[in-house]
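*Asks:* So that we are looking at the same thing, I have put the structure below in structure tokens.
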Amino acid sequence: MLDDDGWKKGPDGIRAKNGVKLSFLYQTSTNSVRQATQELVKDMWSQIGVAVELRNISASVYFGGDPASPDTFQKFYADVEMYTNNFDGTDPEKYLAGWLCNKIPSPANGWQGENEPRYCNPAYDKKVAELSKTADPAKRDELSKELNDMLTEDGAHIPLVHRGSLSAASVTLQGVKMTPGTVNSGTSPTGRARSDDACRAGPSAGPHPHFSPR
């Protein structure tokens, strides 16, 4: 595909087109698991002729939200960045609404918007508005799946891995029914069972680490 599009490998093994080398700056927070993932992805990209510069930033800065810092994931001063994304509970409406055009971080909102990849699709916004007015659970499920498919197919995010969460309850606790879709706890009519994400790290903890391509 790259060859067909004119990106040819040079003597150094890196692809170039019209004098421009194919290279990415790939950033994430400082975390041993994430740095290992970066190295793995860099190796895969290098095998197809893509140069990759890796950058890791202290989590307190990367996720800190300081509008004066150039190193926050909201600023996204890179080609690709990685972090973990998730929603709480069982209804994804709030999470899906985070990808609206008006949620893009910018100077106007102090770089605090939730839509870090700058995804903007009027058709997506329209469908989120439809979801917000829909009460029927089956229809909400249908709309939510369509919205998720739009994000994936449009390349707004590139899912990497699902972090499984373990839930446990004492055998003496009766009537336990775990709530699906939660990250930290499952609730029941008679008690609470704790659930821990083994891969949890920093303020971005959750079940869906993914890329955000610029």
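Chain labels run A, B, ... following the order of the structure tokens; each chain numbers its residues from 1, and ligands are numbered from 1 in the order shown.
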How close does each residue of region 30-110 of chain A get to region 129-138 of chain A, giving the shortest atom pair and distance in Å to one decimal for every residue with an atom at most 10 Å away, counting only C-alpha atoms, sorted by chain and residue number, as a Markdown table?

*Replies:*
| residue | atom | partner | partner_atom | distance |
| --- | --- | --- | --- | --- |
| A:Asp91 | CA | A:Pro137 | CA | 9.7 |
| A:Glu93 | CA | A:Ser132 | CA | 7.3 |
| A:Lys94 | CA | A:Ser132 | CA | 9.3 |
| A:Leu96 | CA | A:Leu131 | CA | 9.6 |
| A:Ala97 | CA | A:Ala129 | CA | 8.6 |
| A:Leu100 | CA | A:Ala129 | CA | 9.9 |

*Asks:* Which residue is closest to Leu2 (chain A)? Choose from A:Arg118, A:Arg15, A:Lys127, A:His162 and count only C-alpha atoms.

*Replies:* A:Arg15

*Asks:* I need the residue nearest Asp79 (chain A) from this list: A:Ser46, A:Phe24, A:Gly175, A:Ser165. Use only C-alpha atoms for the distance.

*Replies:*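 Of the candidates, the smallest distance to Asp79 (chain A) is held by A:Phe24.
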
*Asks:* My list of candidates is A:Pro67, A:Met82, A:Val128, A:Ala51. Which is closest to Ser106 (chain A) when distances are computed with only C-alpha atoms?

*Replies:* A:Pro67

*Asks:* In terms of the shortest atom-to-atom distance over only C-alpha atoms, which of A:Asp141, A:Asp149, A:Asp3, A:Glu116 is closest to Thr90 (chain A)?

*Replies:*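 Closest candidate: A:Asp141.
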
*Asks:* If you run DSSP on this backbone, which residues of chain A come out as alpha helix (DSSP H), and could you give them as an MDAnalysis selection string?

*Replies:* chainID A and resid 32:47 59:62 93:97 122:132 137:153

*Asks:* Those same residues, written as a short mmCIF file (atom, residue, chain, number, x, y, z; two decimals), in the first residue's frame with C-alpha atoms?

*Replies:*
data_model
loop_
_atom_site.label_atom_id
_atom_site.label_comp_id
_atom_site.auth_asym_id
_atom_site.auth_seq_id
_atom_site.Cartn_x
_atom_site.Cartn_y
_atom_site.Cartn_z
CA SER A 32 7.20 0.76 32.16
CA VAL A 33 4.29 -1.04 30.49
CA ARG A 34 3.70 1.86 28.12
CA GLN A 35 7.37 2.17 27.24
CA ALA A 36 7.42 -1.55 26.44
CA THR A 37 4.39 -1.03 24.19
CA GLN A 38 6.11 1.88 22.49
CA GLU A 39 9.17 -0.25 21.75
CA LEU A 40 6.99 -3.03 20.33
CA VAL A 41 5.09 -0.66 18.06
CA LYS A 42 8.30 1.09 16.99
CA ASP A 43 9.79 -2.26 15.98
CA MET A 44 6.72 -3.15 13.91
CA TRP A 45 6.73 0.23 12.18
CA SER A 46 10.49 0.10 11.51
CA GLN A 47 10.01 -3.22 9.72
CA ALA A 59 2.19 11.29 34.15
CA SER A 60 1.69 14.27 36.47
CA VAL A 61 2.51 16.56 33.54
CA TYR A 62 1.00 14.53 30.70
CA GLU A 93 -23.47 8.20 26.52
CA LYS A 94 -21.19 10.50 28.50
CA TYR A 95 -18.10 8.84 27.04
CA LEU A 96 -19.41 9.00 23.48
CA ALA A 97 -20.34 12.67 23.93
CA PRO A 122 -21.19 16.38 12.05
CA ALA A 123 -22.88 13.02 11.38
CA TYR A 124 -21.41 11.70 14.63
CA ASP A 125 -22.59 14.78 16.55
CA LYS A 126 -26.08 14.33 15.13
CA LYS A 127 -26.21 10.70 16.24
CA VAL A 128 -25.02 11.59 19.76
CA ALA A 129 -27.87 14.11 19.94
CA GLU A 130 -30.25 11.35 18.91
CA LEU A 131 -28.84 9.10 21.64
CA SER A 132 -29.40 11.80 24.27
CA PRO A 137 -32.67 0.62 26.11
CA ALA A 138 -32.51 -1.52 22.96
CA LYS A 139 -32.38 1.55 20.73
CA ARG A 140 -29.73 3.13 22.95
CA ASP A 141 -27.61 -0.01 22.61
CA GLU A 142 -27.98 0.14 18.84
CA LEU A 143 -27.02 3.82 18.64
CA SER A 144 -24.08 3.34 21.01
CA LYS A 145 -22.66 0.53 18.87
CA GLU A 146 -23.07 2.64 15.73
CA LEU A 147 -21.24 5.54 17.37
CA ASN A 148 -18.42 3.30 18.55
CA ASP A 149 -18.10 1.88 15.03
CA MET A 150 -17.88 5.39 13.61
CA LEU A 151 -14.99 6.27 15.94
CA THR A 152 -13.11 3.11 15.02
CA GLU A 153 -13.77 3.15 11.29
#
